[in-house]
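query.cif (mmCIF, C-alpha atoms) appears below.
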```
data_model
loop_
_atom_site.label_atom_id
_atom_site.label_comp_id
_atom_site.auth_asym_id
_atom_site.auth_seq_id
_atom_site.Cartn_x
_atom_site.Cartn_y
_atom_site.Cartn_z
CA MET U 1 9.20 48.50 -99.02
CA SER U 2 8.74 45.66 -101.52
CA GLU U 3 11.70 43.59 -100.46
CA ILE U 4 10.75 40.05 -99.63
CA GLU U 5 12.14 39.31 -96.18
CA PRO U 6 14.66 36.42 -96.31
CA ASP U 7 12.62 34.20 -94.00
CA ALA U 8 9.42 35.09 -95.87
CA ILE U 9 10.71 34.28 -99.36
CA PRO U 10 7.94 32.39 -101.08
CA HIS U 11 8.88 28.91 -102.15
CA GLY U 12 7.75 27.21 -105.27
CA PRO U 13 7.49 28.20 -108.88
CA SER U 14 4.79 30.86 -108.57
CA LYS U 15 7.16 33.56 -107.19
CA LYS U 16 10.14 33.03 -109.44
CA LEU U 17 11.75 34.16 -112.68
CA ILE U 18 12.18 31.32 -115.17
CA GLY U 19 13.45 33.37 -118.10
CA ILE U 20 15.37 36.56 -118.75
CA GLU U 21 15.74 38.25 -122.10
CA LEU U 22 17.84 41.30 -122.80
CA ASP U 23 16.67 43.60 -125.57
CA GLU U 24 19.33 43.29 -128.27
CA ASN U 25 19.17 47.01 -129.06
CA SER U 26 19.90 47.81 -125.40
CA ILE U 27 23.06 45.76 -125.07
CA ARG U 28 26.29 47.67 -125.33
CA ARG U 29 28.99 45.40 -126.66
CA ASN U 30 31.74 45.26 -124.09
CA ASN U 31 34.96 43.64 -123.13
CA SER U 32 35.08 40.02 -122.03
CA ASN U 33 34.86 40.87 -118.30
CA VAL U 34 31.53 42.66 -118.74
CA GLU U 35 30.16 39.99 -121.09
CA HIS U 36 31.13 37.36 -118.51
CA GLU U 37 29.43 39.33 -115.70
CA ARG U 38 26.25 39.56 -117.78
CA LYS U 39 26.17 35.81 -118.42
CA VAL U 40 26.91 34.97 -114.79
CA ALA U 41 24.25 37.41 -113.56
CA ILE U 42 21.61 35.79 -115.77
CA TYR U 43 22.66 32.29 -114.76
CA ASP U 44 22.69 33.19 -111.05
CA LEU U 45 19.39 35.02 -111.31
CA LEU U 46 17.63 32.07 -112.93
CA ASP U 47 19.24 29.66 -110.49
CA GLU U 48 18.03 31.48 -107.38
CA ASN U 49 15.53 34.32 -107.15
CA ALA U 50 12.42 35.53 -105.38
CA PHE U 51 10.30 37.72 -107.65
CA ALA U 52 6.62 38.56 -107.30
CA LEU U 53 4.26 41.09 -108.82
CA ALA U 54 2.52 43.31 -106.30
CA SER U 55 -0.62 43.05 -108.43
CA GLY U 56 -1.01 39.46 -107.30
CA HIS U 57 -0.49 37.80 -110.68
CA ASP U 58 1.17 34.50 -109.98
CA GLY U 59 4.23 33.33 -111.85
CA PRO U 60 6.45 31.82 -112.82
CA TYR U 61 7.58 34.88 -114.74
CA ARG U 62 9.67 35.82 -117.72
CA LEU U 63 11.45 39.17 -117.66
CA LYS U 64 12.63 41.25 -120.58
CA LEU U 65 14.95 44.14 -119.77
CA ALA U 66 15.46 47.01 -122.16
CA MET U 67 16.92 50.51 -122.14
CA ILE U 68 14.75 53.01 -123.95
CA ASP U 69 15.57 56.73 -123.88
CA GLU U 70 17.88 56.23 -120.87
CA ARG U 71 15.11 54.48 -118.95
CA LEU U 72 15.11 50.92 -117.74
CA VAL U 73 12.08 48.95 -118.92
CA PHE U 74 10.92 45.86 -117.02
CA GLN U 75 8.51 43.85 -119.15
CA VAL U 76 7.09 41.00 -117.08
CA MET U 77 5.33 38.10 -118.77
CA ASP U 78 3.86 34.84 -117.62
CA GLU U 79 5.50 31.54 -118.51
CA THR U 80 3.74 31.46 -121.90
CA GLY U 81 4.99 34.94 -122.81
CA ALA U 82 1.72 36.79 -122.24
CA ASP U 83 2.30 40.33 -120.96
CA LEU U 84 1.49 40.89 -117.29
CA MET U 85 2.98 44.34 -116.77
CA THR U 86 5.55 46.82 -117.98
CA HIS U 87 7.28 49.15 -115.57
CA VAL U 88 9.68 51.92 -116.57
CA LEU U 89 12.36 53.26 -114.23
CA ALA U 90 14.38 56.41 -114.66
CA LEU U 91 18.10 55.73 -114.35
CA SER U 92 18.88 59.03 -112.61
CA PRO U 93 18.61 57.56 -109.06
CA PHE U 94 21.20 54.95 -110.09
CA ARG U 95 23.68 57.20 -111.92
CA ARG U 96 26.05 58.00 -109.06
CA VAL U 97 26.20 54.48 -107.67
CA MET U 98 26.61 53.02 -111.19
CA ARG U 99 29.40 55.46 -112.04
CA ASP U 100 31.20 54.60 -108.78
CA TYR U 101 30.55 50.89 -109.35
CA PHE U 102 32.12 51.04 -112.84
CA THR U 103 35.16 52.88 -111.45
CA VAL U 104 35.66 50.31 -108.68
CA CYS U 105 35.15 47.42 -111.13
CA ASP U 106 37.83 48.87 -113.41
CA SER U 107 40.17 49.10 -110.41
CA TYR U 108 39.32 45.54 -109.44
CA TYR U 109 40.06 44.14 -112.92
CA GLU U 110 43.40 45.97 -112.95
CA ALA U 111 44.24 44.85 -109.42
CA ILE U 112 43.66 41.16 -110.07
CA LYS U 113 46.49 41.28 -112.61
CA THR U 114 49.25 42.36 -110.23
CA ALA U 115 48.04 43.58 -106.83
CA PRO U 116 48.48 41.64 -103.60
CA PRO U 117 45.44 39.75 -102.27
CA SER U 118 44.86 42.31 -99.50
CA ARG U 119 44.47 45.11 -102.07
CA ILE U 120 42.12 43.01 -104.21
CA GLN U 121 40.06 42.17 -101.15
CA ALA U 122 39.78 45.84 -100.14
CA ILE U 123 38.63 46.85 -103.63
CA ASP U 124 36.14 43.97 -103.69
CA MET U 125 34.67 45.10 -100.35
CA GLY U 126 34.09 48.55 -101.87
CA ARG U 127 32.50 46.96 -104.91
CA ARG U 128 30.17 44.92 -102.71
CA GLY U 129 29.16 48.02 -100.75
CA LEU U 130 28.20 49.83 -103.96
CA HIS U 131 26.41 46.70 -105.12
CA ASP U 132 24.39 46.68 -101.90
CA GLU U 133 23.50 50.36 -102.37
CA GLY U 134 22.39 49.76 -105.95
CA SER U 135 20.21 46.82 -104.93
CA ARG U 136 18.57 48.91 -102.18
CA ILE U 137 17.76 51.64 -104.71
CA LEU U 138 16.30 49.03 -107.06
CA ILE U 139 14.08 47.57 -104.32
CA GLU U 140 12.88 51.09 -103.42
CA ARG U 141 12.20 52.05 -107.04
CA LEU U 142 10.18 48.87 -107.65
CA ASP U 143 8.18 49.28 -104.44
CA GLY U 144 4.50 48.62 -105.03
CA LYS U 145 5.15 47.01 -108.43
CA ILE U 146 7.61 44.14 -108.02
CA ALA U 147 8.75 42.50 -104.80
CA LEU U 148 12.31 41.17 -104.68
CA ASP U 149 14.56 39.67 -102.08
CA THR U 150 18.00 41.22 -101.60
CA GLY U 151 19.81 38.50 -103.55
CA THR U 152 17.54 38.94 -106.56
CA ALA U 153 17.94 42.73 -106.41
CA ARG U 154 21.75 42.35 -106.27
CA ARG U 155 21.76 40.09 -109.33
CA LEU U 156 19.42 42.42 -111.22
CA PHE U 157 21.64 45.39 -110.34
CA THR U 158 24.64 43.50 -111.75
CA LEU U 159 22.69 42.85 -114.94
CA ILE U 160 21.60 46.49 -115.24
CA CYS U 161 25.21 47.61 -114.80
CA ALA U 162 26.37 45.07 -117.37
CA LEU U 163 23.79 46.48 -119.82
CA ARG U 164 25.02 50.04 -119.27
CA SER U 165 28.75 49.41 -119.05
CA LYS U 166 30.92 50.79 -121.79
CA GLY U 167 33.52 48.16 -120.93
#
```

Take the structure from the file and write it as structure tokens.
Amino acid sequence: MSEIEPDAIPHGPSKKLIGIELDENSIRRNNSNVEHERKVAIYDLLDENAFALASGHDGPYRLKLAMIDERLVFQVMDETGADLMTHVLALSPFRRVMRDYFTVCDSYYEAIKTAPPSRIQAIDMGRRGLHDEGSRILIERLDGKIALDTGTARRLFTLICALRSKG
């Protein structure tokens, strides 16, 4: 598997994302909650990540994410913007977990308006479980191409969901 073990996360700028761009044609315009999640995911991802190409090309890296024909496109570039690799992932392995994640997120946003803290906490635990599942699928699907730690995979999964959400 291409997950970077937490105690083996490379330090320094050569195994890190320094820029993320979302293809404008891929972004579905959403409600403020989804827009906020997208911005937070990008900020968190750039703040802390472990990202390395299996090919051995050193970073730091820039990543452009796009959705083309219901496929997720990872375009990885070096810090100057020169292309290093493009990898395309089918979304079908993610569909069930994304659908469930959207449903739980909708419940969460409704619950925070009026539900007691215990209900909100229970919904959030379900959301985190789906988030973990989505990040595991992402790590598996990128195996042999891009190595990620769990935190980076979780943040990328959030960003992918925010791209696909209908709000």

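The smallest atom-to-atom distance between U:Ile42 and any of U:Ala122, U:Leu156, U:Val73, U:Cys161, using all atoms listed in the file, is found for U:Leu156.
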
As a check of understanding: the span from atom CA of U:Arg38 to atom CA of U:Arg155 is 9.6 Å

Taking only C-alpha atoms into account, which of U:Leu17, U:Leu22, U:Ala111, U:Ala153 comes nearest U:Leu46? U:Leu17

Pick out the closest residue to U:Ala50 from this set: U:Ala147, U:Leu65, U:Leu159, U:Ala90. Count all atoms listed in the file. U:Ala147

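The residue that comes closest to U:Asp149, out of U:Ala52, U:Ile112, U:Val40, U:Ile20 and on the basis of only C-alpha atoms, is U:Ala52.
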
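Near U:Val76, within a cut-off of 9 Å and counting all atoms listed in the file, sit the residues Leu53, Tyr61, Arg62, Leu63, Lys64, Leu65, Phe74, Asp78, Gly81, Ala82, Asp83, Leu84, Met85, Thr86 and His87 of chain U, with same-chain residues fewer than 2 positions away left out.
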
Applied to the shown file, which residues does the PyMOL selection byres ((chain U and resi 126-134) around 8) return, written as a PyMOL selection string? chain U and resi 94+97-98+100-101+104-105+122-125+135-138+154+157-158

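For the residues U:His36, U:Asp44, U:Asn25, U:Asn49, ranking by smallest atom-to-atom distance to U:Thr150 using all atoms listed in the file places U:Asn49 first.
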
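Taking atom CA of U:Gly19 and atom CA of U:Thr80 as the two end points, the separation is 10.6 Å.
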
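Every residue that the PyMOL selection byres ((chain U and resi 71) around 8) selects in this file is listed here: Met67, Ile68, Asp69, Glu70, Leu72, Val73, Val88, Leu89, Ala90 and Leu91 of chain U.
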
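Restricting the calculation to all atoms listed in the file, the smallest distance between U:Phe102 and any of U:Ala115, U:Tyr43, U:Ala66, U:Ile160 is found for U:Ile160.
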
To one decimal place in Å, what is the distance between atom CA of U:Pro60 and atom CA of U:Glu21? 14.6 Å

Go through the shown structure with the PyMOL selection byres ((chain U and resi 54) around 10) and write out the matching residues as a PyMOL selection string. chain U and resi 2+51-53+55-58+142-147
